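> The following block contains the structure, expressed as structure tokens.
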Amino acid sequence: MLFKNIAYLNPDFELQQAQYIGVKDGKIAFIGDACPEEDFGEVYDGANKVLLPGFYNSHAHSPMTLLRGWAENLPLQRWLEEKVFPFEDNIHGEDAYWGTLLTIAEMLKCGTVSFTDMYFFGDDVVKAVDKSGIKCNFGRAIVSFADGDIQDIQSFKESEALLKEFQGAFDGRMKIDMSLHAEYTNRRTIMEQFAEIAKAHNVHAHIHLSETEKENRECMERHGMSPTALFNACGVFDVPTTAAHCVWLSDEDREILKAKDVTVATCPASNLKLGSGICDVQALLDKGIRVAIGTDGVASNNNLDMLREMYLCALLPKGSKHRPEIVSEKDVLKMATLNGAIGQGRMDSGKIEVGARADLAVISLDGPHMYPATDVLCNIVYAGSGADVVLTMVDGKVVYADGEYKTFDIERVKFEVQKRTQHIIKEVKSHA
Ligand code: NI
């Protein structure tokens, strides 16, 4: 595809006008003002549109779209125990497959090209990633409530099987991470074994970290240190790690995350909705920590729109710190694109330059909320939403454009999810 006459976000996170941007063999192959001699195929008119690097959703639980609207207005522990766990007990593999496809449909529609996921039903998530054309780093969440040999834990066995079968699958679109669910769902001896094996496999880790005040307090009681200090003591941060939430951190915790080059996936909507608190994003930025953005699962959000997430991510620090100058539109755009790509270990992605992967989103500037075009980036972040996305491209292939999905039947996905969710809810109620 050859984008013609289009504004794009350059690697300095500034808008720049280009006459031509050519995409070939999955990569951005040309940026310039003279018409390229090479044939790039279809020409796309970029008038009144902006080309952005596609979004990297850095923390999600994709099959949880099945739970949209099911567990509302509850704090984390009751949300989990009274609503989420009983529902999850009744999900079967094929339900997870359709739920994940619905997640991916919403993500593609909102310009997301890749997501970092943690859940079970790994085979079904992988199948949906394969089918849809999106990119994904998936980690089978490991949970351990007793000491022992990690090799005996079912979730670990599934994680190993996924690594063996799918690491780098689908031309590298699929990556398998190792995921340790959280401090409060694991024993220290298991965390230590996890770290050793992650190092031996040379893979990325994905964890929940300091989401609630309660988690921190109880970790201090159990281990005499914060969750961050504990993960570090166990060696987990010796591999590239994505730590979701990080709402309750001390300065010492931030020192550790910086020293270990951990990627923080902040999830502002989920933290607000579950009443967990507000992540001090500016304190992370001040320390030079790489911050990325995640939606978390739909059950605590309830959407997967990264533009809405960016909006919150920029506004919450301003409001809570009484400092309107902090966390700019450029900061959050970088978090949602380049930082997310780096966090996933996709070093040639997340930016628009020659040689980078062609993972792109086109935003329309036609809406009334995009006028006047005095500051287009601020319009996109503070007035825009996923509804402004008109095209999403992954590895040079258009997977979504103008309401149409190129890789699956969206009506079938909606039908299956509706039918299957009703069945699951009936099962849950009959067991209650
Ligand atoms: Ni989560």
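FYI, nothing fancy with the structure tokens labels: chains A, B, ... in order, residues from 1 per chain, ligands from 1 as they appear.
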Just the helix (DSSP H, G or I) stuff from stretch 116-243 of chain A, please, per backbone DSSP, written as a PyMOL selection string.

chain A and resi 122-132+150-152+154-166+183-185+188-201+213-223+227-234+236-238

> Which residues come within 7 Å of A:Lys258, counting only C-alpha atoms, excluding same-chain residues fewer than 2 positions away, as a list of chain:residue names?

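Contacts, with the query itself left out: A:Arg254, A:Glu255, A:Ile256, A:Lys260, A:Asp261, A:Val262, A:Lys287, A:Gly288, A:Ile289.
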
> Please, which residues in stretch 84-140 of chain A fall within 7 Å of stretch 52-67 of chain A when counting only C-alpha atoms, and what is the closest atom pair and distance in Å to one decimal for each, ordered by chain then residue number, as a Markdown table?


| residue | atom | partner | partner_atom | distance |
| --- | --- | --- | --- | --- |
| A:Ala96 | CA | A:Pro63 | CA | 5.0 |
| A:Gly99 | CA | A:Pro63 | CA | 4.7 |
| A:Thr100 | CA | A:Pro63 | CA | 4.6 |
| A:Thr103 | CA | A:Ser62 | CA | 5.8 |
| A:Gly111 | CA | A:Gly54 | CA | 5.6 |
| A:Thr112 | CA | A:Phe55 | CA | 4.3 |
| A:Val113 | CA | A:Gly54 | CA | 5.3 |
| A:Ser114 | CA | A:Tyr56 | CA | 5.0 |
| A:Phe115 | CA | A:Asn57 | CA | 4.5 |
| A:Thr116 | CA | A:Ser58 | CA | 4.8 |
| A:Asp117 | CA | A:Ala60 | CA | 4.8 |
| A:Met118 | CA | A:His61 | CA | 5.3 |
| A:Tyr119 | CA | A:His61 | CA | 5.6 |

> Include all heavy atoms and write out the residues we just selected as a compact mmCIF listing (two decimals), in the first residue's frame.


# COMPACT_ATOMS: atom_id res chain seq x y z
N ALA A 96 -13.81 -19.56 24.99
CA ALA A 96 -12.64 -18.67 25.10
C ALA A 96 -12.18 -18.23 23.71
O ALA A 96 -11.77 -17.08 23.52
CB ALA A 96 -11.51 -19.38 25.84
N GLY A 99 -14.65 -15.60 22.54
CA GLY A 99 -14.46 -14.40 23.38
C GLY A 99 -13.20 -13.64 22.97
O GLY A 99 -13.19 -12.41 22.91
N THR A 100 -12.14 -14.39 22.68
CA THR A 100 -10.89 -13.75 22.27
C THR A 100 -11.05 -13.08 20.90
O THR A 100 -10.55 -11.96 20.68
CB THR A 100 -9.74 -14.77 22.22
OG1 THR A 100 -9.63 -15.36 23.51
CG2 THR A 100 -8.43 -14.10 21.85
N THR A 103 -12.69 -9.84 21.48
CA THR A 103 -11.68 -8.92 22.00
C THR A 103 -10.85 -8.34 20.87
O THR A 103 -10.62 -7.13 20.77
CB THR A 103 -10.75 -9.67 22.99
OG1 THR A 103 -11.44 -9.84 24.21
CG2 THR A 103 -9.46 -8.92 23.25
N GLY A 111 -7.68 0.45 16.54
CA GLY A 111 -6.30 0.74 16.15
C GLY A 111 -5.21 -0.04 16.87
O GLY A 111 -4.03 0.26 16.73
N THR A 112 -5.60 -1.04 17.66
CA THR A 112 -4.60 -1.84 18.37
C THR A 112 -4.07 -2.94 17.45
O THR A 112 -4.84 -3.67 16.83
CB THR A 112 -5.22 -2.45 19.65
OG1 THR A 112 -5.55 -1.36 20.54
CG2 THR A 112 -4.27 -3.40 20.35
N VAL A 113 -2.74 -3.05 17.40
CA VAL A 113 -2.10 -4.03 16.51
C VAL A 113 -1.51 -5.21 17.26
O VAL A 113 -1.17 -6.23 16.66
CB VAL A 113 -0.98 -3.37 15.67
CG1 VAL A 113 -1.57 -2.38 14.68
CG2 VAL A 113 0.06 -2.69 16.57
N SER A 114 -1.36 -5.06 18.59
CA SER A 114 -0.74 -6.13 19.36
C SER A 114 -1.17 -6.01 20.82
O SER A 114 -1.43 -4.90 21.29
CB SER A 114 0.79 -6.02 19.27
OG SER A 114 1.42 -7.13 19.86
N PHE A 115 -1.24 -7.15 21.51
CA PHE A 115 -1.60 -7.09 22.93
C PHE A 115 -0.81 -8.10 23.75
O PHE A 115 -0.41 -9.15 23.25
CB PHE A 115 -3.11 -7.27 23.13
CG PHE A 115 -3.68 -8.60 22.68
CD1 PHE A 115 -4.07 -9.57 23.60
CD2 PHE A 115 -3.83 -8.90 21.33
CE1 PHE A 115 -4.61 -10.79 23.19
CE2 PHE A 115 -4.36 -10.13 20.90
CZ PHE A 115 -4.76 -11.07 21.84
N THR A 116 -0.57 -7.73 25.01
CA THR A 116 0.11 -8.61 25.96
C THR A 116 -0.94 -9.22 26.85
O THR A 116 -1.64 -8.50 27.57
CB THR A 116 1.14 -7.81 26.78
OG1 THR A 116 2.07 -7.20 25.88
CG2 THR A 116 1.90 -8.72 27.73
N ASP A 117 -1.07 -10.53 26.79
CA ASP A 117 -2.20 -11.20 27.41
C ASP A 117 -1.76 -12.19 28.48
O ASP A 117 -0.69 -12.79 28.36
CB ASP A 117 -3.00 -11.95 26.35
CG ASP A 117 -4.48 -12.03 26.67
OD1 ASP A 117 -5.14 -10.98 26.62
OD2 ASP A 117 -4.97 -13.12 26.98
N MET A 118 -2.59 -12.36 29.47
CA MET A 118 -2.35 -13.33 30.53
C MET A 118 -3.68 -14.00 30.86
O MET A 118 -4.63 -13.33 31.22
CB MET A 118 -1.82 -12.61 31.77
CG MET A 118 -1.61 -13.52 32.97
SD MET A 118 -1.63 -12.64 34.54
CE MET A 118 -0.15 -11.67 34.46
N TYR A 119 -3.73 -15.31 30.68
CA TYR A 119 -4.97 -16.02 31.01
C TYR A 119 -4.71 -17.51 30.95
O TYR A 119 -3.56 -17.95 30.91
CB TYR A 119 -6.08 -15.64 30.01
CG TYR A 119 -7.48 -15.73 30.59
CD1 TYR A 119 -7.84 -14.93 31.67
CD2 TYR A 119 -8.42 -16.61 30.07
CE1 TYR A 119 -9.11 -15.00 32.21
CE2 TYR A 119 -9.71 -16.68 30.61
CZ TYR A 119 -10.05 -15.87 31.68
OH TYR A 119 -11.31 -15.94 32.20

> Fewer than 2 positions away in the same chain doesn't count, so skip those; otherwise give me all residues within 7 Å of stretch 243-247 of chain A, counting only C-alpha atoms, as a PDB file with N, CA, C and O atoms, in the first residue's frame.


ATOM      1  N   HIS A  59      -1.513  -4.858  28.697  1.00  0.00           N
ATOM      2  CA  HIS A  59      -2.020  -5.780  29.728  1.00  0.00           C
ATOM      3  C   HIS A  59      -3.492  -6.088  29.471  1.00  0.00           C
ATOM      4  O   HIS A  59      -4.340  -5.204  29.558  1.00  0.00           O
ATOM      5  N   HIS A 206       5.495 -11.749  32.603  1.00  0.00           N
ATOM      6  CA  HIS A 206       4.332 -10.859  32.707  1.00  0.00           C
ATOM      7  C   HIS A 206       3.648 -11.132  34.046  1.00  0.00           C
ATOM      8  O   HIS A 206       3.298 -12.277  34.330  1.00  0.00           O
ATOM      9  N   ILE A 207       3.525 -10.091  34.874  1.00  0.00           N
ATOM     10  CA  ILE A 207       2.975 -10.268  36.229  1.00  0.00           C
ATOM     11  C   ILE A 207       1.985  -9.136  36.556  1.00  0.00           C
ATOM     12  O   ILE A 207       1.988  -8.085  35.910  1.00  0.00           O
ATOM     13  N   HIS A 208       1.164  -9.373  37.586  1.00  0.00           N
ATOM     14  CA  HIS A 208       0.424  -8.285  38.240  1.00  0.00           C
ATOM     15  C   HIS A 208       1.267  -7.822  39.427  1.00  0.00           C
ATOM     16  O   HIS A 208       1.786  -8.654  40.166  1.00  0.00           O
ATOM     17  N   LEU A 209       1.367  -6.493  39.616  1.00  0.00           N
ATOM     18  CA  LEU A 209       2.245  -6.000  40.687  1.00  0.00           C
ATOM     19  C   LEU A 209       1.622  -4.804  41.412  1.00  0.00           C
ATOM     20  O   LEU A 209       1.286  -3.796  40.787  1.00  0.00           O
ATOM     21  N   SER A 210       1.495  -4.939  42.736  1.00  0.00           N
ATOM     22  CA  SER A 210       1.032  -3.834  43.584  1.00  0.00           C
ATOM     23  C   SER A 210      -0.193  -3.139  43.014  1.00  0.00           C
ATOM     24  O   SER A 210      -0.234  -1.924  42.840  1.00  0.00           O
ATOM     25  N   GLU A 211      -1.224  -3.962  42.777  1.00  0.00           N
ATOM     26  CA  GLU A 211      -2.478  -3.419  42.244  1.00  0.00           C
ATOM     27  C   GLU A 211      -3.279  -2.734  43.339  1.00  0.00           C
ATOM     28  O   GLU A 211      -3.878  -1.688  43.109  1.00  0.00           O
ATOM     29  N   THR A 212      -3.305  -3.363  44.534  1.00  0.00           N
ATOM     30  CA  THR A 212      -4.092  -2.793  45.627  1.00  0.00           C
ATOM     31  C   THR A 212      -3.232  -2.584  46.875  1.00  0.00           C
ATOM     32  O   THR A 212      -2.181  -3.213  47.035  1.00  0.00           O
ATOM     33  N   THR A 241      10.594  -7.925  31.923  1.00  0.00           N
ATOM     34  CA  THR A 241       9.301  -8.158  32.580  1.00  0.00           C
ATOM     35  C   THR A 241       8.327  -7.026  32.319  1.00  0.00           C
ATOM     36  O   THR A 241       8.720  -5.851  32.333  1.00  0.00           O
ATOM     37  N   LEU A 249       3.433   1.841  44.845  1.00  0.00           N
ATOM     38  CA  LEU A 249       4.886   1.657  44.853  1.00  0.00           C
ATOM     39  C   LEU A 249       5.542   2.662  45.786  1.00  0.00           C
ATOM     40  O   LEU A 249       5.085   3.799  45.916  1.00  0.00           O
ATOM     41  N   VAL A 262      12.266  -2.841  34.035  1.00  0.00           N
ATOM     42  CA  VAL A 262      10.918  -3.424  33.955  1.00  0.00           C
ATOM     43  C   VAL A 262       9.995  -2.464  33.198  1.00  0.00           C
ATOM     44  O   VAL A 262      10.103  -1.244  33.355  1.00  0.00           O
ATOM     45  N   THR A 263       9.112  -3.008  32.362  1.00  0.00           N
ATOM     46  CA  THR A 263       8.081  -2.204  31.715  1.00  0.00           C
ATOM     47  C   THR A 263       6.847  -2.181  32.609  1.00  0.00           C
ATOM     48  O   THR A 263       6.322  -3.243  32.963  1.00  0.00           O
ATOM     49  N   VAL A 264       6.403  -1.005  32.991  1.00  0.00           N
ATOM     50  CA  VAL A 264       5.169  -0.894  33.778  1.00  0.00           C
ATOM     51  C   VAL A 264       3.996  -0.725  32.814  1.00  0.00           C
ATOM     52  O   VAL A 264       4.008   0.177  31.974  1.00  0.00           O
ATOM     53  N   ALA A 265       2.998  -1.607  32.925  1.00  0.00           N
ATOM     54  CA  ALA A 265       1.770  -1.445  32.142  1.00  0.00           C
ATOM     55  C   ALA A 265       0.727  -0.819  33.054  1.00  0.00           C
ATOM     56  O   ALA A 265       0.145  -1.498  33.908  1.00  0.00           O
ATOM     57  N   THR A 266       0.529   0.475  32.904  1.00  0.00           N
ATOM     58  CA  THR A 266      -0.468   1.144  33.745  1.00  0.00           C
ATOM     59  C   THR A 266      -1.859   0.908  33.151  1.00  0.00           C
ATOM     60  O   THR A 266      -2.038   0.918  31.929  1.00  0.00           O
ATOM     61  N   CYS A 267      -2.838   0.665  34.032  1.00  0.00           N
ATOM     62  CA  CYS A 267      -4.202   0.326  33.598  1.00  0.00           C
ATOM     63  C   CYS A 267      -5.183   1.264  34.292  1.00  0.00           C
ATOM     64  O   CYS A 267      -5.904   0.861  35.218  1.00  0.00           O
ATOM     65  N   GLY A 277      -7.088   2.522  43.059  1.00  0.00           N
ATOM     66  CA  GLY A 277      -6.283   3.724  43.251  1.00  0.00           C
ATOM     67  C   GLY A 277      -5.795   4.294  41.937  1.00  0.00           C
ATOM     68  O   GLY A 277      -6.266   3.911  40.866  1.00  0.00           O
ATOM     69  N   ILE A 278      -4.844   5.225  42.020  1.00  0.00           N
ATOM     70  CA  ILE A 278      -4.321   5.906  40.831  1.00  0.00           C
ATOM     71  C   ILE A 278      -2.807   5.724  40.790  1.00  0.00           C
ATOM     72  O   ILE A 278      -2.112   6.050  41.752  1.00  0.00           O
ATOM     73  N   CYS A 279      -2.311   5.190  39.702  1.00  0.00           N
ATOM     74  CA  CYS A 279      -0.866   4.995  39.525  1.00  0.00           C
ATOM     75  C   CYS A 279      -0.187   6.355  39.372  1.00  0.00           C
ATOM     76  O   CYS A 279      -0.659   7.199  38.606  1.00  0.00           O
ATOM     77  N   ASP A 280       0.905   6.555  40.092  1.00  0.00           N
ATOM     78  CA  ASP A 280       1.652   7.815  39.979  1.00  0.00           C
ATOM     79  C   ASP A 280       2.573   7.731  38.756  1.00  0.00           C
ATOM     80  O   ASP A 280       3.767   7.447  38.869  1.00  0.00           O
TER      81      ASP A 280
END

> With a cut-off of 9 Å, could you pull out the residues of stretch 174-221 of chain A touching stretch 231-238 of chain A and give me the nearest pair of atoms for each, distance in Å to one decimal, using only C-alpha atoms, ordered by chain and ascending number, as a Markdown table?


| residue | atom | partner | partner_atom | distance |
| --- | --- | --- | --- | --- |
| A:Glu183 | CA | A:Phe231 | CA | 7.7 |
| A:Arg188 | CA | A:Cys234 | CA | 7.4 |
| A:Thr189 | CA | A:Cys234 | CA | 8.3 |
| A:Met191 | CA | A:Cys234 | CA | 6.2 |
| A:Glu192 | CA | A:Cys234 | CA | 4.7 |
| A:Gln193 | CA | A:Cys234 | CA | 8.4 |
| A:Phe194 | CA | A:Val236 | CA | 7.3 |
| A:Ala195 | CA | A:Val236 | CA | 4.6 |
| A:Glu196 | CA | A:Gly235 | CA | 7.5 |
| A:Ala198 | CA | A:Val236 | CA | 7.9 |
| A:Lys199 | CA | A:Asp238 | CA | 7.2 |
| A:Ala205 | CA | A:Val236 | CA | 7.5 |

> Counting only C-alpha atoms, what is within 10 Å of A:Arg346, bar same-chain residues fewer than 5 positions away, as a list in words?

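Counting only the stated atoms, we get Asn137, Gly172, Arg173, Lys175, Leu338, Asn339, Gly340, Ala341 and Arg357 of chain A.
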
> Now that the selection is made, can you save its residues with N, CA, C and O atoms as a compact mmCIF listing (two decimals), in the first residue's frame?


# COMPACT_ATOMS: atom_id res chain seq x y z
N ASN A 137 1.57 -11.21 22.65
CA ASN A 137 2.46 -11.89 23.60
C ASN A 137 1.55 -12.54 24.62
O ASN A 137 0.87 -11.84 25.38
N GLY A 172 6.22 -14.76 13.51
CA GLY A 172 6.63 -13.91 14.63
C GLY A 172 5.51 -13.10 15.25
O GLY A 172 5.72 -12.41 16.25
N ARG A 173 4.29 -13.18 14.68
CA ARG A 173 3.18 -12.43 15.30
C ARG A 173 2.91 -12.95 16.71
O ARG A 173 2.55 -12.19 17.61
N LYS A 175 4.03 -14.43 20.22
CA LYS A 175 5.14 -14.66 21.14
C LYS A 175 4.57 -15.23 22.42
O LYS A 175 3.48 -14.86 22.85
N LEU A 338 5.36 2.99 21.04
CA LEU A 338 6.76 2.54 21.10
C LEU A 338 7.08 1.78 22.40
O LEU A 338 7.70 0.71 22.37
N ASN A 339 6.65 2.33 23.55
CA ASN A 339 6.98 1.67 24.81
C ASN A 339 6.34 0.29 24.91
O ASN A 339 6.93 -0.65 25.44
N GLY A 340 5.11 0.18 24.40
CA GLY A 340 4.44 -1.12 24.40
C GLY A 340 5.17 -2.12 23.53
O GLY A 340 5.34 -3.29 23.89
N ALA A 341 5.63 -1.65 22.36
CA ALA A 341 6.35 -2.55 21.44
C ALA A 341 7.65 -3.03 22.08
O ALA A 341 7.97 -4.23 22.04
N ARG A 357 8.43 -2.28 11.26
CA ARG A 357 7.27 -3.09 10.88
C ARG A 357 6.10 -2.16 10.56
O ARG A 357 5.88 -1.15 11.24

> Could you check which of A:Asp171, A:Asp296, A:Glu158, A:Glu82 is closest to ligand 1, using only C-alpha atoms and all ligand atoms?

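Checking each of A:Asp171, A:Asp296, A:Glu158, A:Glu82 against ligand 1, counting only C-alpha atoms and all ligand atoms, the winner is A:Asp296.
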
> What gap, in Å, lies between atom CA of A:Ala432 and atom CA of A:Leu274?

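Going from atom CA of A:Ala432 over to atom CA of A:Leu274 covers 23.5 Å.
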
> In terms of the shortest atom-to-atom distance over only C-alpha atoms, which of A:Gln77, A:Thr242, A:Gln418, A:Ser155 is closest to A:Leu102?

A:Gln418
